[in-house]
Every structure is written in structure tokens, then in C-alpha cells.
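Have a look at start21.cif; it's mmCIF, C-alpha atoms:
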data_final
loop_
_atom_site.group_PDB
_atom_site.id
_atom_site.type_symbol
_atom_site.label_atom_id
_atom_site.label_comp_id
_atom_site.auth_asym_id
_atom_site.auth_seq_id
_atom_site.Cartn_x
_atom_site.Cartn_y
_atom_site.Cartn_z
ATOM 1 C CA GLY N 1 340.349 122.099 -70.897
ATOM 2 C CA ALA N 2 343.397 123.581 -72.548
ATOM 3 C CA ALA N 3 344.786 123.073 -76.040
ATOM 4 C CA LEU N 4 348.355 122.624 -77.244
ATOM 5 C CA ALA N 5 349.666 122.105 -80.766
ATOM 6 C CA VAL N 6 353.133 121.665 -82.276
ATOM 7 C CA GLY N 7 354.108 122.503 -85.845
ATOM 8 C CA GLY N 8 357.263 122.289 -87.909
ATOM 9 C CA ASP N 9 356.911 125.985 -88.795
ATOM 10 C CA ARG N 10 356.064 128.936 -86.513
ATOM 11 C CA SER N 11 352.826 129.312 -88.474
ATOM 12 C CA GLY N 12 352.411 125.660 -89.342
ATOM 13 C CA GLY N 13 348.714 125.224 -88.657
ATOM 14 C CA GLN N 14 348.877 125.179 -84.848
ATOM 15 C CA GLU N 15 346.033 127.681 -84.448
ATOM 16 C CA ILE N 16 343.774 125.626 -86.731
ATOM 17 C CA ALA N 17 344.539 122.508 -84.691
ATOM 18 C CA ILE N 18 343.947 124.368 -81.417
ATOM 19 C CA ARG N 19 340.647 125.738 -82.741
ATOM 20 C CA SER N 20 339.530 122.171 -83.515
ATOM 21 C CA ILE N 21 340.403 121.085 -79.970
ATOM 22 C CA LEU N 22 338.474 124.030 -78.500
ATOM 23 C CA ASP N 23 335.482 123.215 -80.737
ATOM 24 C CA PHE N 24 335.550 119.663 -79.361
ATOM 25 C CA TYR N 25 335.541 121.028 -75.804
ATOM 26 C CA GLN N 26 332.541 123.229 -76.507
ATOM 27 C CA GLN N 27 330.617 120.399 -78.163
ATOM 28 C CA ASN N 28 331.212 118.244 -75.087
ATOM 29 C CA GLN N 29 330.435 120.946 -72.516
ATOM 30 C CA ILE N 30 334.062 121.255 -71.410
ATOM 31 C CA HIS N 31 335.093 124.787 -70.465
ATOM 32 C CA PRO N 32 337.951 125.889 -72.750
ATOM 33 C CA VAL N 33 340.760 127.888 -71.159
ATOM 34 C CA SER N 34 343.359 129.890 -73.078
ATOM 35 C CA GLY N 35 346.460 131.730 -71.979
ATOM 36 C CA GLY N 36 344.837 135.093 -72.571
ATOM 37 C CA ALA N 37 345.834 137.947 -74.830
ATOM 38 C CA PHE N 38 349.308 138.643 -76.165
ATOM 39 C CA GLY N 39 350.750 135.305 -77.112
ATOM 40 C CA ALA N 40 348.446 132.503 -76.087
ATOM 41 C CA ASN N 41 345.072 133.720 -77.330
ATOM 42 C CA LEU N 42 343.707 130.259 -78.130
ATOM 43 C CA GLY N 43 346.166 127.950 -76.394
ATOM 44 C CA ALA N 44 349.799 126.856 -76.377
ATOM 45 C CA SER N 45 351.480 126.864 -79.764
ATOM 46 C CA LEU N 46 354.933 125.367 -80.232
ATOM 47 C CA TRP N 47 357.425 125.307 -83.083
ATOM 48 C CA SER N 48 359.524 122.169 -83.515
ATOM 49 C CA ARG N 49 361.528 123.463 -86.497
ATOM 50 C CA ASP N 50 361.111 119.897 -87.749
ATOM 51 C CA LEU N 51 363.519 118.741 -85.029
ATOM 52 C CA GLY N 52 360.926 117.041 -82.825
ATOM 53 C CA LYS N 53 361.445 117.304 -79.068
ATOM 54 C CA VAL N 54 364.783 119.098 -79.461
ATOM 55 C CA GLY N 55 363.179 121.861 -81.518
ATOM 56 C CA VAL N 56 360.325 122.291 -79.051
ATOM 57 C CA GLU N 57 362.752 122.513 -76.139
ATOM 58 C CA LYS N 58 364.498 125.420 -77.920
ATOM 59 C CA ASP N 59 361.266 127.312 -78.644
ATOM 60 C CA GLU N 60 361.299 129.907 -75.845
ATOM 61 C CA GLU N 61 358.249 131.719 -77.231
ATOM 62 C CA GLY N 62 356.281 128.483 -77.442
ATOM 63 C CA LEU N 63 357.305 127.460 -73.943
ATOM 64 C CA ARG N 64 356.124 130.860 -72.718
ATOM 65 C CA THR N 65 352.684 130.124 -74.207
ATOM 66 C CA ILE N 66 352.552 126.821 -72.314
ATOM 67 C CA ARG N 67 353.348 128.594 -69.043
ATOM 68 C CA LYS N 68 350.599 131.164 -69.715
ATOM 69 C CA VAL N 69 348.027 128.476 -70.477
ATOM 70 C CA ILE N 70 348.964 126.391 -67.421
ATOM 71 C CA LYS N 71 348.730 129.471 -65.187
ATOM 72 C CA LYS N 72 345.260 130.344 -66.500
ATOM 73 C CA LEU N 73 344.117 126.720 -66.238
ATOM 74 C CA ALA N 74 345.288 126.568 -62.609
ATOM 75 C CA GLU N 75 343.491 129.850 -61.838
ATOM 76 C CA TYR N 76 340.307 128.501 -63.423
ATOM 77 C CA LYS N 77 340.567 125.264 -61.436
ATOM 78 C CA VAL N 78 340.909 127.167 -58.140
ATOM 79 C CA GLN N 79 337.831 129.262 -58.953
ATOM 80 C CA HIS N 80 335.676 126.285 -59.941
#
Since I need it in another form, could you write the structure as C-alpha cells?
Amino acid sequence: GAALAVGGDRSGGQEIAIRSILDFYQQNQIHPVSGGAFGANLGASLWSRDLGKVGVEKDEEGLRTIRKVIKKLAEYKVQH
């Protein structure tokens, strides 16, 4: 499984939320997958700037983390 969180601030608690999701996966024997080092260590983290969908769509760094996580999840799926 992969985790994604959106916050109104760049450091708005997304990593804490992602950590909770990953804990849930481990407790339920679901293999957690992250995007790897350098930007998506735990999962995809997006910044809405308190603008909802519009803010997320403008968050290039956050969108990059989603692409990294999806790539790693696809690689994991092919291997298992």
C-alpha cells in the first residue's frame, strides 16, 4: 500500500498522517511502499496552500512525490 496526505502548509502534518497510514498497513500485514529517498521518503505529501484542489494542482514538488510513489508501487506490484 502507499500513503498520500494533503496539508494547507508545506509542513502541515502530512508526514504524521502518512506515518499513521503506514502503521495501519503494518498492523494489517499490508506491505507499505514509499517513493524512496530524496523527496518521498514515507509517501506522497502535497501542499494545498489552503486552496483545495487548485492548490494541489499547483504543487509541482508534491506532484513529483506522487509520481515517485506510483512508480515504486508499480515496480513492487510487478515483482510480487
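If you measure from each of N:Gln26, N:Asn41, N:Ser34, N:Gln14 to Ala2 of chain N using all atoms listed in the file, the closest one turns out to be N:Ser34.
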Best match for closeness to Gly7 of chain N among N:Gly36, N:Ser20, N:Gly55, N:Gly43, counting all atoms listed in the file: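 Selected residue with least distance to Gly7 of chain N: N:Gly55.
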Between atom CA of Leu4 of chain N and atom CA of Gly52 of chain N, what is the spacing in Å?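 For atom CA of Gly52 of chain N relative to atom CA of Leu4 of chain N, the distance reads 14.8 Å.
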Shortest interatomic distance to Gly39 of chain N - which of N:Arg10, N:Lys72, N:Lys77, N:Arg64, counting all atoms listed in the file: N:Arg64
Is it possible to get the axis-aligned box enclosing segment 47-59 of chain N (all listed atoms, 6 Å extra per side) as JSON, with centre and edge lengths in Å rounded to one decimal?
{"center_x": 361.1, "center_y": 122.2, "center_z": -81.9, "size_x": 19.4, "size_y": 22.3, "size_z": 23.6}
What does the distance from atom CA of Phe38 of chain N to atom CA of Ala5 of chain N come to in Å, to one decimal? 17.2 Å
Have a look at N:Val54, N:Gly12, N:Lys68, N:His31 and name the one nearest to His80 of chain N; count only C-alpha atoms.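 Of the candidates, the smallest distance to His80 of chain N is held by N:His31.
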Give me the residues within 12 Å of Gln29 of chain N as number ranges by chain, counting all atoms listed in the file and dropping any in the same chain fewer than 6 places off. N: 1, 22-23
With all atoms listed in the file as the basis for distance, which of N:Ile30, N:Ala44, N:Ile21, N:Ile16 is at the shortest distance from Glu60 of chain N? N:Ala44
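Picture a line from atom CA of Val56 of chain N to atom CA of Asp9 of chain N; it runs 11.0 Å.
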Kindly indicate which residue among N:Asp50, N:Lys58, N:Val33, N:Ala40 lies nearest to Glu75 of chain N, using all atoms listed in the file for the distances. N:Val33
